[in-house]
file my_file.cif (mmCIF, C-alpha atoms)
data_my_file
#
loop_
_atom_site.label_atom_id
_atom_site.label_comp_id
_atom_site.auth_asym_id
_atom_site.auth_seq_id
_atom_site.Cartn_x
_atom_site.Cartn_y
_atom_site.Cartn_z
CA MET A 26 106.69 87.62 90.74
CA PRO A 27 105.65 86.76 94.33
CA ASP A 28 107.99 84.34 96.13
CA ASN A 29 105.42 81.89 97.49
CA ILE A 30 102.43 81.02 95.32
CA LEU A 31 99.46 78.89 96.35
CA VAL A 32 97.81 77.23 93.34
CA LEU A 33 94.28 76.05 94.13
CA GLY A 34 93.28 73.47 91.53
CA GLY A 35 96.92 72.89 90.63
CA THR A 36 96.49 69.16 89.95
CA GLY A 37 93.83 69.78 87.31
CA TYR A 38 94.19 70.15 83.57
CA VAL A 39 94.87 73.91 83.55
CA GLY A 40 96.60 73.80 86.93
CA ARG A 41 99.30 71.43 85.72
CA ALA A 42 100.13 73.76 82.84
CA VAL A 43 100.29 76.71 85.26
CA CYS A 44 102.62 74.84 87.63
CA GLU A 45 104.89 73.89 84.74
CA ARG A 46 105.07 77.52 83.62
CA LEU A 47 105.82 78.72 87.14
CA ALA A 48 108.46 76.04 87.73
CA GLU A 49 110.26 76.96 84.50
CA ARG A 50 111.10 80.40 85.83
CA SER A 51 114.60 80.81 87.20
CA SER A 52 113.22 83.23 89.77
CA ALA A 53 110.47 80.82 90.88
CA GLY A 54 109.97 80.58 94.61
CA ARG A 55 107.90 77.95 96.36
CA ILE A 56 104.76 76.72 94.59
CA VAL A 57 102.30 75.02 96.95
CA VAL A 58 99.64 72.77 95.43
CA PRO A 59 97.02 71.33 97.79
CA THR A 60 95.10 68.18 96.88
CA ARG A 61 92.72 65.89 98.72
CA ARG A 62 94.52 62.83 97.30
CA LEU A 63 98.28 62.94 96.87
CA ALA A 64 98.10 60.32 94.11
CA HIS A 65 96.29 62.88 91.94
CA GLY A 66 99.34 65.13 92.02
CA ASP A 67 101.98 62.84 90.55
CA ARG A 68 102.32 65.04 87.47
CA VAL A 69 103.20 68.18 89.44
CA ARG A 70 105.07 66.51 92.30
CA ALA A 71 108.19 66.08 90.17
CA LEU A 72 108.35 69.74 89.14
CA PRO A 73 111.11 71.81 90.75
CA THR A 74 109.97 74.12 93.57
CA VAL A 75 106.50 72.52 93.67
CA GLU A 76 105.35 71.32 97.09
CA LEU A 77 102.36 68.99 96.97
CA VAL A 78 100.41 68.93 100.23
CA GLN A 79 97.36 66.96 101.27
CA ALA A 80 94.57 69.34 102.25
CA ASP A 81 90.89 70.06 101.71
CA VAL A 82 90.61 73.65 100.49
CA HIS A 83 86.88 73.64 101.27
CA ASP A 84 87.79 73.41 104.98
CA PRO A 85 88.21 77.05 106.17
CA ALA A 86 90.83 76.12 108.78
CA GLN A 87 92.96 74.19 106.30
CA LEU A 88 92.58 76.94 103.71
CA ALA A 89 93.73 79.59 106.20
CA LYS A 90 96.74 77.45 107.11
CA LEU A 91 97.73 77.16 103.45
CA LEU A 92 97.33 80.90 102.90
CA ALA A 93 99.49 81.74 105.91
CA ARG A 94 102.51 80.62 103.87
CA ALA A 95 101.55 82.36 100.63
CA ASP A 96 102.30 85.71 99.00
CA ALA A 97 99.83 85.20 96.14
CA VAL A 98 97.07 82.80 95.10
CA VAL A 99 96.04 81.36 91.75
CA HIS A 100 92.43 80.16 91.98
CA LEU A 101 91.48 77.52 89.39
CA VAL A 102 89.01 75.32 91.25
CA ALA A 103 85.89 74.77 89.13
CA ILE A 104 83.42 72.14 87.95
CA LEU A 105 81.57 71.81 84.63
CA HIS A 106 78.88 69.38 85.76
CA GLY A 107 76.82 68.94 88.92
CA SER A 108 73.76 70.01 90.85
CA ALA A 109 72.86 73.61 91.61
CA ALA A 110 74.13 73.00 95.15
CA ALA A 111 77.47 71.67 93.87
CA PHE A 112 77.98 74.72 91.63
CA GLN A 113 77.14 76.97 94.56
CA GLN A 114 79.60 75.20 96.84
CA VAL A 115 82.52 75.25 94.40
CA HIS A 116 82.02 78.52 92.53
CA VAL A 117 80.54 80.74 95.25
CA GLU A 118 81.17 79.40 98.74
CA LEU A 119 84.82 78.54 98.10
CA PRO A 120 85.60 82.05 96.75
CA ARG A 121 83.77 83.49 99.77
CA GLN A 122 85.89 81.36 102.12
CA LEU A 123 89.00 82.28 100.15
CA ALA A 124 88.28 86.00 100.42
CA ALA A 125 87.70 85.69 104.17
CA ALA A 126 90.88 83.67 104.69
CA CYS A 127 92.92 86.13 102.62
CA ALA A 128 91.65 88.97 104.78
CA ALA A 129 92.41 87.05 107.96
CA VAL A 130 96.04 86.27 107.10
CA GLY A 131 96.86 89.38 105.06
CA VAL A 132 97.22 87.86 101.56
CA ARG A 133 96.02 90.32 98.94
CA ARG A 134 97.27 89.15 95.54
CA LEU A 135 94.92 86.80 93.66
CA VAL A 136 94.57 85.64 90.07
CA HIS A 137 91.14 84.13 89.49
CA VAL A 138 90.00 82.11 86.47
CA SER A 139 86.33 82.75 85.74
CA ALA A 140 84.53 82.10 82.43
CA LEU A 141 83.21 83.83 79.35
CA GLY A 142 79.48 84.39 79.52
CA VAL A 143 79.28 85.49 83.14
CA GLY A 144 76.91 88.33 83.88
CA PRO A 145 73.42 89.24 85.07
CA GLY A 146 70.75 86.85 83.88
CA ALA A 147 73.17 84.09 82.89
CA PRO A 148 71.13 81.08 81.69
CA SER A 149 72.85 78.16 83.48
CA HIS A 150 73.80 77.11 87.00
CA TYR A 151 77.42 77.08 85.85
CA LEU A 152 77.41 80.66 84.58
CA ARG A 153 75.24 82.05 87.37
CA SER A 154 77.51 80.56 90.03
CA LYS A 155 80.62 81.76 88.19
CA THR A 156 79.07 85.24 88.04
CA GLU A 157 78.37 85.26 91.77
CA GLY A 158 81.79 83.88 92.70
CA GLU A 159 83.58 86.48 90.61
CA ALA A 160 81.48 89.23 92.24
CA VAL A 161 82.40 87.95 95.71
CA LEU A 162 86.10 88.29 94.91
CA GLN A 163 85.67 91.65 93.18
CA ALA A 164 84.03 93.02 96.34
CA ALA A 165 86.68 91.66 98.73
CA GLY A 166 89.23 94.46 98.32
CA LEU A 167 91.89 92.11 96.94
CA GLU A 168 94.61 92.86 94.40
CA LEU A 169 92.65 90.87 91.87
CA SER A 170 93.26 89.88 88.24
CA VAL A 171 90.51 87.93 86.47
CA LEU A 172 90.72 85.76 83.37
CA ARG A 173 87.59 84.73 81.48
CA PRO A 174 88.53 81.93 79.07
CA SER A 175 86.49 80.35 76.33
CA VAL A 176 86.55 76.55 76.06
CA ILE A 177 90.13 75.42 76.64
CA PHE A 178 91.77 72.95 74.27
CA GLY A 179 94.99 70.99 74.65
CA THR A 180 96.48 67.52 74.75
CA GLU A 181 94.31 66.34 77.65
CA ASP A 182 91.18 68.37 77.05
CA ARG A 183 87.77 66.75 77.56
CA PHE A 184 86.24 68.66 74.69
CA LEU A 185 87.90 67.91 71.35
CA ASN A 186 89.20 64.57 72.63
CA SER A 187 85.71 63.44 73.65
CA PHE A 188 84.16 64.35 70.31
CA ALA A 189 87.01 62.62 68.49
CA GLN A 190 86.61 59.50 70.62
CA LEU A 191 82.85 59.37 70.00
CA GLN A 192 83.37 59.58 66.25
CA ALA A 193 85.89 56.75 66.43
CA ILE A 194 83.13 54.39 67.61
CA ALA A 195 79.82 55.88 66.36
CA PRO A 196 78.65 55.86 62.74
CA VAL A 197 76.86 59.23 63.10
CA MET A 198 76.93 62.18 65.53
CA PRO A 199 73.55 63.33 66.88
CA LEU A 200 74.17 66.93 67.92
CA ALA A 201 72.07 69.54 69.70
CA GLY A 202 73.08 73.19 69.74
CA GLY A 203 75.32 72.84 66.72
CA GLY A 204 75.11 76.56 66.01
CA ALA A 205 76.49 77.57 69.42
CA ARG A 206 79.64 79.65 69.04
CA PHE A 207 82.99 79.18 70.77
CA GLN A 208 86.41 80.83 70.57
CA PRO A 209 88.70 78.04 71.82
CA VAL A 210 91.90 78.99 73.62
CA TRP A 211 95.02 76.85 74.06
CA VAL A 212 95.72 75.72 77.61
CA GLU A 213 99.34 76.90 77.34
CA ASP A 214 98.19 80.41 76.44
CA VAL A 215 95.91 80.48 79.48
CA ALA A 216 98.78 79.30 81.70
CA SER A 217 101.06 81.97 80.25
CA ALA A 218 98.40 84.62 80.88
CA ILE A 219 98.14 83.62 84.54
CA VAL A 220 101.90 83.88 84.97
CA ARG A 221 101.97 87.25 83.18
CA CYS A 222 99.31 88.52 85.58
CA LEU A 223 101.43 87.47 88.54
CA ASP A 224 104.43 89.22 86.98
CA ASP A 225 102.66 92.44 86.07
CA ARG A 226 101.07 94.52 88.81
CA GLY A 227 99.45 96.53 86.04
CA SER A 228 97.06 93.60 85.68
CA ILE A 229 95.59 94.27 89.13
CA GLY A 230 91.99 95.36 88.78
CA GLN A 231 91.80 94.08 85.21
CA THR A 232 89.55 91.43 83.65
CA TYR A 233 90.86 89.71 80.52
CA GLU A 234 88.95 87.70 77.93
CA ALA A 235 91.15 84.69 77.15
CA THR A 236 90.23 83.48 73.69
CA GLY A 237 91.83 82.05 70.59
CA PRO A 238 92.06 83.83 67.25
CA GLN A 239 89.02 82.23 65.58
CA VAL A 240 85.33 81.63 66.28
CA TYR A 241 83.74 78.24 65.49
CA THR A 242 80.30 76.75 65.84
CA LEU A 243 79.94 73.59 67.89
CA SER A 244 79.16 71.72 64.69
CA GLU A 245 82.42 72.90 63.13
CA LEU A 246 84.40 71.89 66.21
CA VAL A 247 82.87 68.40 66.22
CA ARG A 248 83.60 68.02 62.51
CA LEU A 249 87.21 69.13 62.92
CA ALA A 250 87.79 66.87 65.93
CA GLY A 251 86.61 63.89 63.91
CA ARG A 252 88.62 64.87 60.85
CA TRP A 253 91.86 65.41 62.74
CA ALA A 254 91.43 62.07 64.52
CA GLY A 255 90.74 60.34 61.22
CA HIS A 256 87.10 59.47 61.97
CA GLU A 257 84.87 62.30 60.75
CA ARG A 258 81.21 61.25 60.91
CA PRO A 259 78.00 62.73 59.51
CA GLN A 260 76.09 64.89 61.97
CA ILE A 261 72.38 64.65 62.73
CA PRO A 262 71.10 68.00 64.08
CA LEU A 263 68.77 67.57 67.04
CA PRO A 264 66.03 69.95 68.17
CA LEU A 265 66.80 71.47 71.55
CA ALA A 266 64.05 69.47 73.30
CA VAL A 267 65.48 66.20 71.98
CA GLY A 268 68.97 67.39 72.85
CA ARG A 269 67.91 67.94 76.44
CA LEU A 270 66.62 64.38 76.62
CA GLN A 271 69.93 63.17 75.18
CA ALA A 272 71.84 65.25 77.76
CA LEU A 273 69.68 63.84 80.57
CA ALA A 274 70.53 60.33 79.43
CA MET A 275 74.24 61.23 79.47
CA GLU A 276 73.91 62.61 82.99
CA LEU A 277 72.48 59.29 84.16
CA LEU A 278 75.40 57.26 82.80
CA PRO A 279 78.39 56.48 85.05
CA GLY A 280 81.33 58.87 84.88
CA THR A 281 81.57 62.48 83.71
CA PRO A 282 78.96 63.30 81.05
CA LEU A 283 80.09 64.69 77.72
CA MET A 284 77.09 67.03 77.69
CA SER A 285 74.61 68.00 80.40
CA ARG A 286 71.40 69.99 80.34
CA ASP A 287 73.23 72.77 82.15
CA ASN A 288 75.88 72.77 79.39
CA LEU A 289 73.12 73.25 76.83
CA ASP A 290 71.80 76.15 78.86
CA SER A 291 75.27 77.72 78.95
CA MET A 292 75.46 77.46 75.15
CA GLN A 293 72.62 79.97 74.85
CA VAL A 294 75.30 82.62 75.46
CA PRO A 295 77.99 82.87 72.74
CA ASN A 296 81.27 81.68 74.24
CA VAL A 297 83.24 84.36 72.40
CA ALA A 298 85.02 87.56 73.30
CA THR A 299 82.76 90.58 73.69
CA GLY A 300 85.50 92.96 72.60
CA THR A 301 84.69 95.25 75.52
CA LEU A 302 87.54 93.91 77.68
CA PRO A 303 91.27 93.41 77.01
CA GLY A 304 92.33 90.07 75.56
CA LEU A 305 95.48 87.98 75.71
CA GLN A 306 97.26 90.49 73.49
CA ALA A 307 97.12 93.00 76.35
CA LEU A 308 99.31 90.58 78.30
CA GLY A 309 101.78 90.26 75.42
CA ILE A 310 100.43 86.89 74.25
CA THR A 311 99.56 86.10 70.63
CA PRO A 312 96.77 83.49 70.81
CA THR A 313 97.63 80.14 69.23
CA ALA A 314 95.42 78.87 66.43
CA MET A 315 93.65 75.61 67.18
CA GLU A 316 94.73 74.26 63.76
CA ALA A 317 98.37 74.58 64.81
CA VAL A 318 97.99 72.28 67.82
CA ALA A 319 94.89 70.09 67.86
CA PRO A 320 95.59 68.02 64.70
CA LEU A 321 98.88 66.92 66.23
CA TYR A 322 97.62 65.64 69.57
CA LEU A 323 94.41 64.18 68.19
CA GLY A 324 96.37 62.40 65.47
CA ARG A 325 98.83 60.95 67.98
CA ARG A 326 96.12 59.82 70.37
CA PHE A 327 93.99 58.12 67.75
CA GLY A 328 96.90 56.51 65.94
CA ARG A 329 96.79 58.17 62.56
CA ALA A 330 99.51 60.29 60.95
CA ARG A 331 98.00 63.70 60.35
CA MET A 332 98.14 65.99 57.36
CA GLU A 333 99.75 69.39 57.79
CA PRO A 334 97.61 71.52 60.15
CA TRP A 335 97.10 74.24 57.53
CA ARG A 336 95.71 71.74 55.06
CA ALA A 337 93.30 70.34 57.62
CA GLY A 338 92.08 73.84 58.39
CA ALA A 339 91.79 74.77 54.72
CA ARG A 340 89.44 71.84 54.05
CA ARG A 341 86.98 72.85 56.77
#
call {"tool": "encode", "arguments": {"input": "my_file.cif", "output": "structure tokens"}}
result
Amino acid sequence: MPDNILVLGGTGYVGRAVCERLAERSSAGRIVVPTRRLAHGDRVRALPTVELVQADVHDPAQLAKLLARADAVVHLVAILHGSAAAFQQVHVELPRQLAAACAAVGVRRLVHVSALGVGPGAPSHYLRSKTEGEAVLQAAGLELSVLRPSVIFGTEDRFLNSFAQLQAIAPVMPLAGGGARFQPVWVEDVASAIVRCLDDRGSIGQTYEATGPQVYTLSELVRLAGRWAGHERPQIPLPLAVGRLQALAMELLPGTPLMSRDNLDSMQVPNVATGTLPGLQALGITPTAMEAVAPLYLGRRFGRARMEPWRAGARR
């Protein structure tokens, strides 16, 4: 394990889990987490060996200064929604700046979190920009490990929680793309995989598909989220054209949209393991079943005692 680790995106949902995993290690060195607003880092600030610093990682000079104190980098910065220009800035230009800064200061070790579905001809701005950003890092001559996760679930996810919350207030669930396939992976398994990559130099040059043990359609995931929260609602399938209008309306509302037109485009590619690359098992991790975790946190959040997870799964 490198002594000094820079975690870009360390105050985010996955980043907090990574920092917790790193801080748990008795051999942990210094973990540096930059953030534009220190108030956003309260959750990681209290962790042992974590140093929260105010910095803009999109500023090349500030990024180089952060890297000068690092032995390895975990790169987690990503967005799910935005314009084509925003995806380009976050998913392509930042990796390009990161590669240049690593070369300038002599940092070679990098663990990068990409996404399932990347590749030539990807159908969405999200996937195309993720494809290009991954290629930039692959070409930079770094000691690179890449993780490609499916949709990530966990206590604070914006996926199952959002669908559960909608069903708590809506009598029905209009749903486009209900047949899209996902292989959800637990946030703690992704965090463990990142730490294993840092530990194991055999992971250098490898790309891992980070997925859970089971494939679900979007419709099944929405149904389960509602059931586990105690508010399962009937679904109304929407044609794709109507779904795009619905997504446009969501984009125009204040706050982060639950679904965007670009998300619908991404769903044209199955968000499941291809089987052509190693999975979490290659890192010594047995993927956690969604039924073992999600009923517990959804039940707690929405105030209803849940049935045993295996019973909830058996009724699906």
call {"tool": "closest_atom_pairs", "arguments": {"input": "my_file.cif", "of": "range 48-111 of chain A", "to": "range 139-154 of chain A", "cutoff": "8 Å", "atoms": "all atoms listed in the file", "output": "Markdown table"}}
result
| residue | atom | partner | partner_atom | distance |
| --- | --- | --- | --- | --- |
| A:Leu105 | CA | A:Tyr151 | CA | 6.8 |
| A:His106 | CA | A:Tyr151 | CA | 7.8 |
| A:Ala109 | CA | A:His150 | CA | 5.9 |
call {"tool": "write_last_selection", "arguments": {"input": "my_file.cif", "atoms": "C-alpha atoms", "output": "mmCIF file, in the frame of the given file"}}
result
data_model
loop_
_atom_site.group_PDB
_atom_site.id
_atom_site.type_symbol
_atom_site.label_atom_id
_atom_site.label_comp_id
_atom_site.auth_asym_id
_atom_site.auth_seq_id
_atom_site.Cartn_x
_atom_site.Cartn_y
_atom_site.Cartn_z
ATOM 1 C CA LEU A 105 81.570 71.810 84.630
ATOM 2 C CA HIS A 106 78.880 69.380 85.760
ATOM 3 C CA ALA A 109 72.860 73.610 91.610
#
call {"tool": "resolve_selection", "arguments": {"input": "my_file.cif", "expression": "the PyMOL selection byres ((chain A and resi 305) around 10)", "output": "list in words"}}
result
Leu172, Pro174, Val210, Asp214, Val215, Ser217, Ala218, Arg221, Tyr233, Glu234, Ala235, Thr236, Gly237, Pro303, Gly304, Gln306, Ala307, Leu308, Gly309, Ile310, Thr311 and Pro312 of chain A
call {"tool": "residues_around", "arguments": {"input": "my_file.cif", "residues": "Val136 in chain A", "least_positions_apart": "2", "cutoff": "7 Å", "atoms": "all atoms listed in the file", "output": "list in words"}}
result
Val98, Val99, His100, Val138, Leu169, Ser170, Val171 and Ile219 of chain A
call {"tool": "closest_residue", "arguments": {"input": "my_file.cif", "among": "A:Gly66, A:Val102, A:Ala201, A:Leu302", "to": "Pro264 in chain A", "atoms": "only C-alpha atoms"}}
result
A:Ala201
call {"tool": "axis_aligned_box", "arguments": {"input": "my_file.cif", "around": "range 105-113 of chain A", "padding_each_side": "8 Å", "output": "lines of an AutoDock Vina configuration file"}}
result
center_x = 77.2
center_y = 73.0
center_z = 89.9
size_x = 24.7
size_y = 24.0
size_z = 26.5
call {"tool": "resolve_selection", "arguments": {"input": "my_file.cif", "expression": "the PyMOL selection byres ((chain A and resi 319) around 10)", "output": "list in words"}}
result
Phe178, Gly179, Thr180, Leu185, Asn186, Trp211, Leu249, Ala250, Trp253, Ala254, Ala314, Met315, Glu316, Ala317, Val318, Pro320, Leu321, Tyr322, Leu323, Gly324, Arg325 and Pro334 of chain A
call {"tool": "residues_around", "arguments": {"input": "my_file.cif", "residues": "Ile56 in chain A", "least_positions_apart": "3", "cutoff": "7 Å", "atoms": "all atoms listed in the file", "output": "count of residues only"}}
result
6
call {"tool": "residues_around", "arguments": {"input": "my_file.cif", "residues": "range 272-276 of chain A", "least_positions_apart": "3", "cutoff": "12 Å", "atoms": "only C-alpha atoms", "output": "number ranges by chain"}}
result
A: 106-108, 199-202, 263, 265-269, 279-290
call {"tool": "closest_residue", "arguments": {"input": "my_file.cif", "among": "A:Ala298, A:Gln190, A:Ala111, A:Arg62", "to": "Arg173 in chain A", "atoms": "only C-alpha atoms"}}
result
A:Ala298
call {"tool": "resolve_selection", "arguments": {"input": "my_file.cif", "expression": "the PyMOL selection byres ((chain A and resi 203) around 8)", "output": "list of chain:residue names"}}
result
A:Leu200, A:Ala201, A:Gly202, A:Gly204, A:Ala205, A:Thr242, A:Leu243, A:Ser244, A:Glu245, A:Pro262
call {"tool": "closest_residue", "arguments": {"input": "my_file.cif", "among": "A:Arg134, A:Val43, A:Ala128, A:Val82", "to": "Asp225 in chain A", "atoms": "only C-alpha atoms"}}
result
A:Arg134
call {"tool": "residues_near_point", "arguments": {"input": "my_file.cif", "point": "(96.3, 77.7, 104.0)", "cutoff": "12 Å", "atoms": "all atoms listed in the file", "output": "ChimeraX atom specification"}}
result
/A:29-33,57-60,78-98,122-123,125-127,129-132
call {"tool": "atom_distance", "arguments": {"input": "my_file.cif", "atom1": "CA of Leu270 in chain A", "atom2": "CA of Glu157 in chain A"}}
result
28.3 Å
call {"tool": "atom_distance", "arguments": {"input": "my_file.cif", "atom1": "CA of Phe207 in chain A", "atom2": "CA of Leu101 in chain A"}}
result
20.5 Å
call {"tool": "build_atoms", "arguments": {"input": "my_file.cif", "residues": "range 295-308 of chain A", "atoms": "N, CA and C atoms", "output": "compact mmCIF listing (two decimals), in the coordinates of the input"}}
result
# COMPACT_ATOMS: atom_id res chain seq x y z
N PRO A 295 76.80 83.12 73.55
CA PRO A 295 77.99 82.87 72.74
C PRO A 295 79.25 82.87 73.59
N ASN A 296 80.06 81.83 73.46
CA ASN A 296 81.27 81.68 74.24
C ASN A 296 82.44 82.32 73.49
N VAL A 297 82.26 83.61 73.19
CA VAL A 297 83.24 84.36 72.40
C VAL A 297 83.52 85.69 73.08
N ALA A 298 84.64 86.28 72.72
CA ALA A 298 85.02 87.56 73.30
C ALA A 298 84.01 88.64 72.96
N THR A 299 83.69 89.48 73.93
CA THR A 299 82.76 90.58 73.69
C THR A 299 83.45 91.75 73.00
N GLY A 300 84.76 91.83 73.15
CA GLY A 300 85.50 92.96 72.60
C GLY A 300 85.47 94.19 73.48
N THR A 301 84.77 94.11 74.61
CA THR A 301 84.69 95.25 75.52
C THR A 301 85.77 95.20 76.60
N LEU A 302 86.50 94.09 76.68
CA LEU A 302 87.54 93.91 77.68
C LEU A 302 88.86 93.55 76.98
N PRO A 303 89.99 93.79 77.63
CA PRO A 303 91.27 93.41 77.01
C PRO A 303 91.37 91.90 76.84
N GLY A 304 92.11 91.48 75.82
CA GLY A 304 92.33 90.07 75.56
C GLY A 304 93.75 89.66 75.91
N LEU A 305 94.15 88.48 75.42
CA LEU A 305 95.48 87.98 75.71
C LEU A 305 96.56 88.90 75.16
N GLN A 306 96.27 89.60 74.08
CA GLN A 306 97.26 90.49 73.49
C GLN A 306 97.69 91.57 74.47
N ALA A 307 96.79 91.97 75.36
CA ALA A 307 97.12 93.00 76.35
C ALA A 307 98.15 92.49 77.35
N LEU A 308 98.30 91.19 77.43
CA LEU A 308 99.31 90.58 78.30
C LEU A 308 100.54 90.16 77.50
